[in-house]
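Okay, final.cif is below, mmCIF, C-alpha atoms:
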```cif
data_run
#
loop_
_atom_site.label_atom_id
_atom_site.label_comp_id
_atom_site.auth_asym_id
_atom_site.auth_seq_id
_atom_site.Cartn_x
_atom_site.Cartn_y
_atom_site.Cartn_z
CA MET V 1 0.00 0.00 0.00
CA PRO V 2 1.24 3.54 -0.74
CA LEU V 3 2.41 5.67 2.19
CA ALA V 4 -0.61 7.95 1.61
CA VAL V 5 -3.00 5.10 2.50
CA TRP V 6 -1.13 4.28 5.70
CA ARG V 7 -1.10 7.94 6.68
CA LEU V 8 -4.85 8.18 6.10
CA THR V 9 -5.31 4.99 8.11
CA VAL V 10 -3.63 6.37 11.23
CA ALA V 11 -5.40 9.73 10.84
CA TYR V 12 -8.72 7.90 10.55
CA SER V 13 -8.08 5.96 13.74
CA LEU V 14 -7.28 9.16 15.65
CA MET V 15 -10.48 10.76 14.33
CA MET V 16 -12.59 7.74 15.32
CA ALA V 17 -11.03 7.77 18.81
CA GLY V 18 -13.23 10.77 19.56
CA THR V 19 -16.34 8.88 18.48
CA SER V 20 -15.50 5.80 20.55
CA LEU V 21 -14.77 8.03 23.58
CA MET V 22 -18.14 9.74 23.22
CA VAL V 23 -19.98 6.44 22.76
CA LEU V 24 -18.58 5.22 26.08
CA LEU V 25 -18.86 8.42 28.09
CA ALA V 26 -21.56 10.72 26.74
CA GLY V 27 -24.54 8.61 27.79
CA ILE V 28 -23.07 7.89 31.21
CA ILE V 29 -22.22 11.56 31.77
CA GLY V 30 -25.66 12.51 30.49
CA GLN V 31 -27.38 10.47 33.20
CA ASP V 32 -26.37 13.12 35.75
CA PHE V 33 -25.72 16.00 33.35
CA ALA V 34 -28.84 16.07 31.16
CA PRO V 35 -32.12 17.75 32.24
CA SER V 36 -33.89 14.38 31.98
CA ALA V 37 -32.95 10.71 31.57
CA GLY V 38 -34.54 10.66 28.11
CA LEU V 39 -31.93 13.18 26.93
CA ALA V 40 -28.93 11.26 28.24
CA THR V 41 -27.87 10.03 24.79
CA LEU V 42 -28.56 13.37 23.07
CA PRO V 43 -24.84 14.34 22.80
CA ILE V 44 -24.08 11.07 20.98
CA ALA V 45 -26.98 11.66 18.63
CA LEU V 46 -25.85 15.24 18.00
CA ILE V 47 -22.45 14.02 16.85
CA VAL V 48 -24.24 12.17 14.08
CA VAL V 49 -26.57 15.12 13.42
CA GLY V 50 -23.53 17.37 12.98
CA LEU V 51 -21.94 14.79 10.70
CA ALA V 52 -25.06 14.41 8.56
CA ALA V 53 -25.60 18.18 8.33
CA SER V 54 -22.02 18.79 7.20
CA THR V 55 -21.74 16.17 4.44
CA LEU V 56 -23.22 18.23 1.59
CA PRO V 57 -21.36 21.48 2.43
CA THR V 58 -18.19 19.42 2.85
CA GLY V 59 -18.67 17.96 -0.63
CA ARG V 60 -18.86 21.45 -2.12
CA LEU V 61 -15.76 22.54 -0.21
CA LEU V 62 -13.85 19.46 -1.38
CA SER V 63 -14.80 20.18 -4.97
CA ARG V 64 -13.64 23.78 -4.69
CA PHE V 65 -10.54 23.57 -2.48
CA GLY V 66 -9.39 19.95 -2.74
CA ARG V 67 -9.04 17.37 0.00
CA ARG V 68 -5.86 18.61 1.76
CA ARG V 69 -7.08 22.08 2.72
CA VAL V 70 -10.49 20.81 3.82
CA PHE V 71 -8.92 18.00 5.84
CA ILE V 72 -6.69 20.49 7.67
CA ALA V 73 -9.51 22.98 8.34
CA TYR V 74 -11.76 20.25 9.73
CA GLY V 75 -8.87 18.91 11.83
CA LEU V 76 -8.62 22.31 13.51
CA LEU V 77 -12.37 22.31 14.08
CA ALA V 78 -12.11 18.93 15.84
CA ILE V 79 -9.57 20.38 18.27
CA VAL V 80 -11.90 23.30 19.02
CA ALA V 81 -14.75 20.82 19.63
CA ALA V 82 -12.73 18.74 22.12
CA LEU V 83 -11.69 21.85 24.06
CA ALA V 84 -15.29 23.08 24.05
CA ALA V 85 -16.44 19.75 25.53
CA LEU V 86 -13.80 20.07 28.24
CA GLN V 87 -14.96 23.59 29.14
CA SER V 88 -18.59 22.50 29.16
CA LEU V 89 -17.88 19.84 31.77
CA VAL V 90 -15.95 22.31 33.92
CA ARG V 91 -18.79 24.84 33.70
CA ASP V 92 -21.52 22.20 34.08
CA SER V 93 -23.18 23.26 30.82
CA PHE V 94 -25.17 20.53 29.10
CA ILE V 95 -26.02 22.90 26.22
CA GLY V 96 -22.32 23.64 25.75
CA PHE V 97 -21.53 19.93 25.75
CA CYS V 98 -24.20 19.32 23.11
CA THR V 99 -22.78 22.16 21.00
CA ALA V 100 -19.32 20.60 21.25
CA ALA V 101 -20.82 17.28 20.12
CA VAL V 102 -22.31 18.92 17.01
CA LEU V 103 -18.92 20.47 16.18
CA MET V 104 -17.19 17.14 16.70
CA GLY V 105 -19.64 15.53 14.31
CA TRP V 106 -19.26 18.32 11.75
CA SER V 107 -15.48 17.89 11.73
CA ALA V 108 -15.87 14.11 11.27
CA ALA V 109 -17.35 14.61 7.79
CA ALA V 110 -13.84 15.14 6.47
CA GLY V 111 -12.55 12.10 8.35
CA HIS V 112 -15.13 9.87 6.72
CA GLN V 113 -13.91 11.13 3.33
CA TYR V 114 -10.53 9.53 4.07
CA ARG V 115 -11.89 6.24 2.69
CA PHE V 116 -12.56 7.82 -0.71
CA ALA V 117 -9.13 9.47 -0.64
CA ALA V 118 -7.65 6.02 -0.07
CA LEU V 119 -9.63 4.62 -3.02
CA GLU V 120 -8.23 7.36 -5.26
CA ALA V 121 -4.65 6.70 -4.12
CA VAL V 122 -4.50 3.20 -5.65
CA PRO V 123 -5.41 1.49 -8.94
CA ALA V 124 -9.00 0.24 -9.22
CA GLU V 125 -7.99 -3.40 -8.76
CA ARG V 126 -6.53 -2.57 -5.32
CA ALA V 127 -9.50 -0.51 -4.13
CA ALA V 128 -10.91 -3.22 -1.84
CA LYS V 129 -7.49 -3.65 -0.23
CA ALA V 130 -7.09 0.11 0.30
CA THR V 131 -10.45 0.51 2.03
CA SER V 132 -9.88 -2.58 4.16
CA VAL V 133 -6.51 -1.22 5.30
CA LEU V 134 -8.08 2.14 6.11
CA LEU V 135 -10.92 0.65 8.14
CA PHE V 136 -8.54 -1.70 9.91
CA GLY V 137 -6.94 1.46 11.29
CA GLY V 138 -10.10 1.87 13.29
CA ILE V 139 -8.90 -0.97 15.52
CA LEU V 140 -6.64 1.61 17.15
CA ALA V 141 -9.70 3.75 17.86
CA ALA V 142 -11.29 0.84 19.70
CA PHE V 143 -8.55 1.14 22.31
CA ILE V 144 -7.44 4.77 22.10
CA GLY V 145 -10.87 6.35 22.67
CA PRO V 146 -12.13 4.24 25.62
CA GLU V 147 -8.64 4.10 27.14
CA ILE V 148 -8.16 7.86 27.24
CA ALA V 149 -11.75 8.16 28.49
CA VAL V 150 -10.94 6.04 31.53
CA ARG V 151 -7.37 7.30 32.06
CA GLY V 152 -8.48 10.94 31.88
CA ARG V 153 -11.43 10.47 34.24
CA TYR V 154 -9.67 11.97 37.29
CA LEU V 155 -6.83 13.73 35.49
CA LEU V 156 -8.37 17.15 36.18
CA ALA V 157 -10.51 18.41 39.04
CA THR V 158 -13.72 17.91 37.04
CA GLU V 159 -14.52 14.26 36.39
CA TYR V 160 -13.94 13.27 32.73
CA ALA V 161 -12.65 16.73 31.75
CA GLY V 162 -9.18 15.20 31.51
CA SER V 163 -10.52 12.67 29.02
CA PHE V 164 -11.24 15.49 26.58
CA LEU V 165 -7.83 17.03 27.22
CA LEU V 166 -6.26 13.75 26.10
CA LEU V 167 -8.63 13.68 23.13
CA THR V 168 -7.37 17.14 22.14
CA LEU V 169 -3.82 15.76 22.00
CA SER V 170 -5.06 12.88 19.85
CA TYR V 171 -6.67 15.35 17.44
CA LEU V 172 -3.43 17.39 17.30
CA ALA V 173 -1.54 14.28 16.19
CA ARG V 174 -4.17 13.64 13.52
CA LEU V 175 -3.84 17.20 12.23
CA LEU V 176 -0.08 16.80 11.89
CA LEU V 177 -0.48 13.59 9.91
CA ILE V 178 -3.15 14.86 7.55
CA SER V 179 -1.16 18.01 6.75
CA PHE V 180 1.10 15.79 4.62
CA HIS V 181 -1.80 14.64 2.40
CA SER V 182 -1.37 15.35 -1.30
CA ASP V 183 -4.13 16.22 -3.79
CA ARG V 184 -2.19 14.54 -6.60
CA ALA V 185 -4.97 11.99 -7.25
CA LEU V 186 -7.47 14.84 -7.61
CA ALA V 187 -5.30 16.62 -10.14
CA GLU V 188 -4.73 13.46 -12.18
CA THR V 189 -8.39 12.51 -12.52
CA GLY V 190 -9.57 16.02 -13.30
CA GLN V 191 -13.01 17.48 -12.96
CA GLY V 192 -14.41 16.50 -16.36
CA GLY V 193 -17.67 18.44 -16.45
CA ALA V 194 -20.81 18.59 -14.38
CA GLY V 195 -21.90 14.99 -14.94
CA ARG V 196 -25.41 13.53 -14.94
CA PRO V 197 -28.34 14.82 -12.89
CA LEU V 198 -28.16 13.55 -9.34
CA VAL V 199 -31.63 11.98 -9.49
CA GLU V 200 -30.55 9.85 -12.44
CA ILE V 201 -27.47 8.66 -10.58
CA LEU V 202 -29.42 7.79 -7.44
CA ARG V 203 -31.89 5.71 -9.46
CA SER V 204 -29.07 3.39 -10.48
CA PRO V 205 -29.52 -0.04 -8.80
CA VAL V 206 -25.83 -0.21 -7.90
CA VAL V 207 -25.93 3.20 -6.18
CA LEU V 208 -29.19 2.31 -4.44
CA LEU V 209 -27.67 -0.91 -3.12
CA ALA V 210 -24.47 0.84 -2.05
CA VAL V 211 -26.30 3.57 -0.13
CA SER V 212 -28.80 1.15 1.42
CA SER V 213 -26.07 -1.23 2.55
CA ALA V 214 -24.08 1.50 4.29
CA ALA V 215 -27.24 3.10 5.73
CA LEU V 216 -28.47 -0.20 7.20
CA GLY V 217 -25.01 -0.94 8.56
CA TYR V 218 -24.67 2.43 10.26
CA GLY V 219 -28.31 2.75 11.32
CA ILE V 220 -28.60 -0.49 13.30
CA MET V 221 -25.03 -0.31 14.57
CA SER V 222 -25.54 3.23 15.89
CA LEU V 223 -28.89 2.45 17.48
CA LEU V 224 -27.56 -0.51 19.47
CA MET V 225 -24.13 0.92 20.24
CA THR V 226 -25.58 4.20 21.52
CA ALA V 227 -27.97 2.38 23.85
CA THR V 228 -25.51 -0.22 25.13
CA PRO V 229 -23.59 1.81 27.78
CA ILE V 230 -26.78 2.96 29.50
CA SER V 231 -28.56 -0.39 29.14
CA MET V 232 -25.54 -2.32 30.33
CA HIS V 233 -24.07 -0.02 33.00
CA THR V 234 -27.11 1.86 34.34
CA HIS V 235 -30.00 -0.56 33.78
CA ALA V 236 -28.34 -3.98 34.02
CA GLY V 237 -25.79 -2.96 36.69
CA HIS V 238 -22.58 -4.04 34.95
CA SER V 239 -19.41 -2.15 35.90
CA LEU V 240 -17.89 0.67 33.86
CA GLU V 241 -14.87 -1.53 33.19
CA ALA V 242 -17.10 -4.32 31.86
CA THR V 243 -19.02 -1.82 29.74
CA LYS V 244 -15.75 -0.39 28.42
CA PHE V 245 -14.60 -3.88 27.45
CA VAL V 246 -17.82 -4.56 25.52
CA ILE V 247 -17.56 -1.25 23.65
CA GLN V 248 -13.87 -1.87 22.91
CA SER V 249 -14.68 -5.39 21.69
CA HIS V 250 -17.46 -4.03 19.50
CA ILE V 251 -15.27 -1.38 17.89
CA ALA V 252 -12.47 -3.93 17.42
CA ALA V 253 -14.99 -6.25 15.73
CA MET V 254 -15.99 -3.39 13.43
CA TYR V 255 -12.46 -3.16 12.06
CA LEU V 256 -10.67 -6.50 12.55
CA PRO V 257 -12.57 -8.18 9.67
CA SER V 258 -10.92 -5.62 7.39
CA LEU V 259 -7.84 -7.86 7.51
CA LEU V 260 -9.85 -10.53 5.67
CA TYR V 261 -12.12 -8.30 3.58
CA ALA V 262 -10.00 -8.14 0.41
CA GLY V 263 -9.63 -11.93 0.34
CA LEU V 264 -13.31 -12.49 1.09
CA HIS V 265 -14.22 -10.01 -1.63
CA ARG V 266 -12.17 -11.93 -4.21
CA ARG V 267 -13.82 -15.17 -3.14
CA TRP V 268 -17.42 -14.16 -2.48
CA GLY V 269 -17.83 -10.83 -4.29
CA HIS V 270 -20.22 -8.14 -3.12
CA ARG V 271 -23.14 -10.57 -3.23
CA GLY V 272 -21.67 -12.96 -0.68
CA LEU V 273 -20.50 -10.18 1.63
CA LEU V 274 -23.84 -8.36 1.59
CA TRP V 275 -25.75 -11.54 2.41
CA SER V 276 -23.22 -12.41 5.12
CA GLY V 277 -23.52 -8.93 6.64
CA VAL V 278 -27.32 -8.97 6.83
CA GLY V 279 -27.28 -12.56 8.15
CA ILE V 280 -24.87 -11.61 10.93
CA TYR V 281 -27.12 -8.67 11.84
CA ALA V 282 -30.10 -11.01 12.16
CA LEU V 283 -28.11 -13.31 14.46
CA CYS V 284 -26.95 -10.31 16.50
CA LEU V 285 -30.55 -9.23 17.14
CA LEU V 286 -31.62 -12.73 18.15
CA ILE V 287 -28.81 -13.01 20.70
CA ALA V 288 -29.32 -9.47 22.04
CA ALA V 289 -32.96 -10.25 22.84
CA LEU V 290 -32.09 -13.24 25.05
CA ASN V 291 -31.17 -11.61 28.39
CA SER V 292 -29.04 -8.90 30.05
CA GLU V 293 -26.02 -11.05 30.95
CA PHE V 294 -22.49 -9.79 30.21
CA LEU V 295 -21.81 -12.54 27.66
CA THR V 296 -25.03 -11.70 25.80
CA TYR V 297 -24.08 -8.03 25.45
CA TRP V 298 -20.54 -8.96 24.42
CA SER V 299 -21.61 -11.54 21.81
CA ALA V 300 -24.28 -9.30 20.30
CA LEU V 301 -21.97 -6.28 20.09
CA VAL V 302 -19.15 -8.29 18.50
CA LEU V 303 -21.54 -9.64 15.85
CA LEU V 304 -22.85 -6.11 15.36
CA GLY V 305 -19.33 -4.93 14.57
CA ILE V 306 -18.64 -7.72 12.07
CA GLY V 307 -21.94 -7.19 10.28
CA TRP V 308 -21.27 -3.46 10.07
CA ASN V 309 -17.86 -4.08 8.50
CA PHE V 310 -19.26 -6.28 5.73
CA LEU V 311 -22.17 -3.96 4.96
CA PHE V 312 -20.27 -0.67 5.14
CA LEU V 313 -17.20 -1.80 3.19
CA SER V 314 -19.39 -3.40 0.53
CA GLY V 315 -21.36 -0.17 0.19
CA THR V 316 -18.16 1.88 -0.03
CA ASN V 317 -16.66 -0.34 -2.73
CA LEU V 318 -19.90 -0.63 -4.71
CA LEU V 319 -20.47 3.11 -4.89
CA PRO V 320 -17.68 3.99 -7.39
CA HIS V 321 -19.27 1.60 -9.91
CA GLY V 322 -22.26 3.95 -10.06
CA TYR V 323 -20.60 7.29 -10.84
CA ARG V 324 -18.12 8.89 -13.23
CA PRO V 325 -14.90 10.59 -12.01
CA SER V 326 -16.41 14.04 -12.58
CA GLU V 327 -19.38 13.11 -10.37
CA ARG V 328 -17.44 11.68 -7.44
CA PHE V 329 -17.59 14.59 -4.97
CA ARG V 330 -21.33 15.08 -5.48
CA VAL V 331 -22.18 11.40 -5.20
CA GLN V 332 -19.79 10.74 -2.30
CA SER V 333 -21.17 13.65 -0.29
CA VAL V 334 -24.81 12.73 -1.04
CA ASN V 335 -24.06 9.11 -0.12
CA ASP V 336 -22.64 10.23 3.23
CA PHE V 337 -25.54 12.64 3.75
CA LEU V 338 -28.10 9.84 3.31
CA VAL V 339 -26.15 7.30 5.36
CA PHE V 340 -25.42 9.61 8.26
CA SER V 341 -28.89 11.14 8.20
CA VAL V 342 -30.24 7.65 8.89
CA GLN V 343 -27.67 7.27 11.64
CA ALA V 344 -28.65 10.67 13.07
CA LEU V 345 -32.35 9.76 13.16
CA VAL V 346 -31.80 6.48 14.97
CA SER V 347 -29.29 8.08 17.36
CA LEU V 348 -31.79 10.78 18.25
CA GLY V 349 -34.42 8.11 18.87
CA SER V 350 -32.12 5.79 20.82
CA GLY V 351 -32.47 7.54 24.17
CA TRP V 352 -36.25 7.83 23.80
CA LEU V 353 -36.64 4.20 22.76
CA LEU V 354 -34.43 2.99 25.60
CA TYR V 355 -36.30 5.11 28.13
CA HIS V 356 -39.79 4.07 26.98
CA TRP V 357 -39.32 0.63 25.37
CA GLN V 358 -36.19 -0.61 27.14
CA TRP V 359 -33.45 -2.68 25.46
CA ASN V 360 -35.73 -5.28 23.89
CA GLY V 361 -37.87 -2.57 22.32
CA ILE V 362 -34.81 -1.34 20.43
CA ILE V 363 -34.04 -4.88 19.26
CA TYR V 364 -37.57 -5.37 17.92
CA ALA V 365 -37.44 -1.99 16.14
CA CYS V 366 -34.38 -3.15 14.18
CA MET V 367 -35.88 -6.38 12.85
CA PRO V 368 -38.09 -4.84 10.09
CA LEU V 369 -35.07 -2.90 8.78
CA VAL V 370 -33.10 -6.10 8.32
CA ALA V 371 -36.08 -7.75 6.61
CA ALA V 372 -36.47 -4.77 4.23
CA PHE V 373 -32.82 -5.02 3.14
CA VAL V 374 -33.21 -8.74 2.48
CA VAL V 375 -36.09 -7.89 0.12
CA LEU V 376 -33.86 -5.32 -1.62
CA LEU V 377 -31.11 -7.91 -2.12
CA ILE V 378 -33.61 -10.28 -3.68
CA VAL V 379 -35.08 -7.62 -6.00
CA TYR V 380 -31.64 -6.49 -7.21
CA ARG V 381 -29.90 -9.87 -7.19
CA LYS V 382 -28.94 -9.56 -10.87
CA THR V 383 -27.23 -6.22 -10.25
CA ILE V 384 -25.20 -7.66 -7.35
CA ASN V 385 -24.00 -10.54 -9.52
CA LEU V 386 -22.34 -8.06 -11.93
CA TYR V 387 -19.90 -6.92 -9.27
#
```

What does this structure look like when you write it as structure tokens?
Amino acid sequence: MPLAVWRLTVAYSLMMAGTSLMVLLAGIIGQDFAPSAGLATLPIALIVVGLAASTLPTGRLLSRFGRRRVFIAYGLLAIVAALAALQSLVRDSFIGFCTAAVLMGWSAAAGHQYRFAALEAVPAERAAKATSVLLFGGILAAFIGPEIAVRGRYLLATEYAGSFLLLTLSYLARLLLISFHSDRALAETGQGGAGRPLVEILRSPVVLLAVSSAALGYGIMSLLMTATPISMHTHAGHSLEATKFVIQSHIAAMYLPSLLYAGLHRRWGHRGLLWSGVGIYALCLLIAALNSEFLTYWSALVLLGIGWNFLFLSGTNLLPHGYRPSERFRVQSVNDFLVFSVQALVSLGSGWLLYHWQWNGIIYACMPLVAAFVVLLIVYRKTINLY
């Protein structure tokens, strides 16, 4: 793999460390911090809302200024967001913490574009390998984020404020790495005109499958992952250390399969990986509904991570088959807007569902989504076979 891909991989892991930290801490902090228990997961949801809201503007900025300058500007914004979260905890401001979460999500829009930058840094035949390497970098985030969350808990006078100080240092390292990114791939491919109308592109079966796969992967993953710390730690009475281990295992499971993805893709193609991903999600839901034991949470969250990997990577690698080089920034940003809008909606509803329906209510809400995607795979089975 080119050095550019490895650099993007490490930068991606440092960006995702902030997300994994917030997944572990925000709901727990919100139990005492938020005006009501139903709003405890609001900061986590607002990260996704900020991400979804920024995808389309980020696409326009990328088209105008190129990836390097946008990556650097958003890296600076992430640092501001982490410091704002720290100050909000010190000042006991839930509104300030929520604002910091939105800014953190907004800055993540550039980080999620790293996967497309990795695709453009290699020949087409190595695209699956490049994206698998990039997402494997997220394994670092599985340990960096939760670890600095716990280690920074009592670092400063205000509980957990030190966690965001350590996160700021992580974001500084990411900014340094991404400043070396080159826009050479952008210059080589050129802009090539306005391209087709967006509606026409989105009607393409391959684009529809790509977007739906990533949206399902992120939607169900976000809904369960957001609810897990509160369900496990607050409702079921498991320790913070046990909850941290489950979240770390889940995030590791999201990225470890990337080691095998390129080989599985050569063997099974997109068809086999999509069916495997949705099958693993179905098994995850069945296990999660059994009981509230530690092993049940751990098994379900590990399966959730593996299923996400297959669905999200398949969606990412399918998408370029549905657009021309001149259309890439528009289609990539719209893809991310749709995917992360779904994630934002389920994240916003996670706290409410958990408060009113409990853990099993969330599980049952996910089942029709899995069934709908199975129908889509059957309807477009001929399209999948082409890739």

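Every residue that the PyMOL selection byres ((chain V and resi 286-298) around 7) selects in this file is listed here: Ala236, Val246, Ala282, Leu283, Cys284, Leu285, Ser299, Ala300, Leu301, Val302, Asn360 and Ile363 of chain V.
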
Given 4 Å on each side, where is the centre and what are the edge lengths in Å to one decimal of the axis-aligned box enclosing the listed atoms of range 211-218 of chain V, as AutoDock Vina command-line options?
```
--center_x -26.4 --center_y 1.2 --center_z 5.1 --size_x 12.7 --size_y 12.8 --size_z 18.4
```

Q) Of the residues V:Leu89, V:Ala127, V:Ile251, V:Ala100, which is the one nearest to Arg153 in chain V, using only C-alpha atoms? A) V:Leu89

(Q) Quick check on the file I pasted: which residues fall under the PyMOL selection byres ((chain V and resi 380) around 12)? Write them as a list of chain:residue names. (A)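 Going through the file, the PyMOL selection byres ((chain V and resi 380) around 12) ends up selecting V:Ser204, V:Pro205, V:Val206, V:Val207, V:Leu208, V:Leu209, V:Ala210, V:Ser212, V:Arg271, V:Leu274, V:Phe373, V:Val374, V:Val375, V:Leu376, V:Leu377, V:Ile378, V:Val379, V:Arg381, V:Lys382, V:Thr383, V:Ile384, V:Asn385, V:Leu386, V:Tyr387.
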
Q.
Could you list, as a ChimeraX atom specification, every residue within 8 Å of Leu165 in chain V, counting all atoms listed in the file and ignoring same-chain residues fewer than 6 positions away?
A. /V:82-83,86,152
